[in-house]
Structures are given as structure tokens and as C-alpha cells.
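First up is the structure itself, then whatever we jot down about it.
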Amino acid sequence: MERKESSKKLEVAALRNSPVHDLQPLNDQPEWINIDDIDVDDTNPGSVTESLRYRRRAPSIRDSYDILGNIVYPIIVCKNGEHTGRFIHVDGFGRLEQLKERGEKRVRAYIYPPMTLEERICFRQTLNAAQEPFDAVSIIQDLRLLADERKLDLNNSDHVKTLVRDLPEKVQKYEKDILELSRWHPDALKALGESYGTNANAIGLDQIRSLGRIMTETMSRHQNTMKKLGGSL
């Protein structure tokens, strides 16, 4: 029991070392800002991937808008440190897109001080983990960016441990899967079906693992074949 409690304390201490620990908005209440003043973060998986999570949530966001007449939950933005009066979107991509589609001009947002890319990644993954199941496509996309920022290698298990230690437990417990998935090109991961997916053309984590073992053996024993196929994963 004491060992478990000690381990839990260490985990909590690691989480509190996160770059976004104690990061606070500029005001306690959300503020109305112009949508045209918000710059979409091109690194955000919501804007650049075809994750099942984002497709799955879109109908619910539309329905809630039709019923309530607006978006209830504020989005998250931070100030753009390079351009006065502009903001960088951090969280709530689906809500923001819904407002744009409806022709809305303003949105309620919690405004944070300027954030680095590392902070934006950690912040949005922390918020996403509180809402949704493990979403391989968006998490791997963010971890690739985070690894680049921290000069780490996703193919190195020790580096992956470093990357996920200040992310939520929901991400940490998939550490082995992250190691496996990080070997694949982001375009290949678009075919990955998460636990709630119904796409008949999707493949699952077990199949990814099996393919990974095949590729590892091929790289080890049939290097000429691998070269003909295009090299590594």
C-alpha cells in the first residue's frame, strides 16, 4: 500500500511539472471576441487530421447549436505574441468551425497569455483527455510536434516516457501503443479505427501491431526487400 501511495505521489509530482501547470486565463470569465481576430493553429490536429473523434463530434455540436441557438461552452485562445489584437486558437476547433459555418461574427472565449507551441500541445491534450477516449491520430500528431520541440525521438522508448510523463494518465497508459504507432506515417494512421469507429475500411491496433512485427522482421532479415519497398515504416 505504501509503495502504491509513493508511486502515486511521484506521478502527481510529474504532472505538476507540466509546462501548463497553473497556467491561468487573463480573466476569470470568458470574453466576447471577433472570430476574424482568431488565427487557427495549423499544428492543431483538429484542423489537419481526419481523426474519427472530430468527425464523431460534429453532429452533436450542430444539434446543440440548433437546440440552444448558440455555442454554450467557450473556446480557448491565447494572445498572439507577434500580432497585437490577434489570438491563436487552442481548444474548441469544432465549436469555432460551427460558428463560422453559421456566419457568426463573435465567440465567447477564455483568453490566455501567449503560449509556446509546447504549451499549446500540452494544454489541448490535457483538455481532450478529459473529454474523449484515446484518439491515436490526434495524439500521435501532437507527440510528433512535441518531440520536435523537445529534440526527442519517438522511436526511443525512454524519450516517449519523457514526452508523456506530464500528459494525462489516459495518454500515459497507451505508452506501448504510442511507441508502435509512432513508427507509422501520419497518413497511414488515418485508417486506424478507434474503439468507437464503425468504418469497415478501418484497421485496429492489433492489426497495426501485427504489421509492425512483420515490418521489423523484414527490416532485420530482408533488407534488400525493404529497400525495394521504400525503406523503413
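Letters A, B, ... go to the chains of the C-alpha cells in the order shown; residues in each chain start at 1; ligands are counted from 1 in the same order.
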Please run DSSP on the backbone and report, as a PDB file with C-alpha atoms, in the first residue's frame, all residues within segment 65-157 of chain A that come out as strand (DSSP E).
ATOM      1  CA  ILE A  75     -13.446  28.135 -26.710  1.00  0.00           C
ATOM      2  CA  ILE A  76      -9.846  28.576 -25.560  1.00  0.00           C
ATOM      3  CA  VAL A  77      -7.464  31.046 -27.213  1.00  0.00           C
ATOM      4  CA  CYS A  78      -4.180  32.643 -26.282  1.00  0.00           C
ATOM      5  CA  LYS A  79      -2.868  36.031 -27.265  1.00  0.00           C
ATOM      6  CA  PHE A  87      -5.381  35.435 -30.878  1.00  0.00           C
ATOM      7  CA  ILE A  88      -4.249  31.859 -31.552  1.00  0.00           C
ATOM      8  CA  HIS A  89      -6.873  29.138 -31.235  1.00  0.00           C
ATOM      9  CA  VAL A  90      -6.017  26.484 -28.627  1.00  0.00           C
ATOM     10  CA  ASP A  91      -9.122  24.351 -27.979  1.00  0.00           C
ATOM     11  CA  ARG A 106     -18.194  36.730 -32.416  1.00  0.00           C
ATOM     12  CA  VAL A 107     -17.461  33.970 -29.930  1.00  0.00           C
ATOM     13  CA  ARG A 108     -17.019  33.711 -26.178  1.00  0.00           C
ATOM     14  CA  ALA A 109     -13.500  32.649 -25.270  1.00  0.00           C
ATOM     15  CA  TYR A 110     -11.215  32.205 -22.309  1.00  0.00           C
ATOM     16  CA  ILE A 111      -8.146  34.249 -23.183  1.00  0.00           C
ATOM     17  CA  TYR A 112      -4.713  33.101 -22.012  1.00  0.00           C
TER      18      TYR A 112
END
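You will find atom CA of Arg95 of chain A at 20.6 Å from atom CA of Gln141 of chain A.
The space separating atom CA of Leu167 of chain A from atom CA of Pro113 of chain A comes to 20.6 Å.
Neighbouring residues of Asn70 of chain A at 10 Å or closer, counting only C-alpha atoms and skipping chain neighbours under 6 positions away, are Ile61, Arg62, Ser64, Arg95, Gln98, Leu99, Arg102, Glu104 and Val107 of chain A.
Distance annotation: of A:Glu82, A:Ile35, A:Leu163, A:Asn27, the residue with the minimal separation from Lys151 of chain A is A:Leu163; atom set is only C-alpha atoms.
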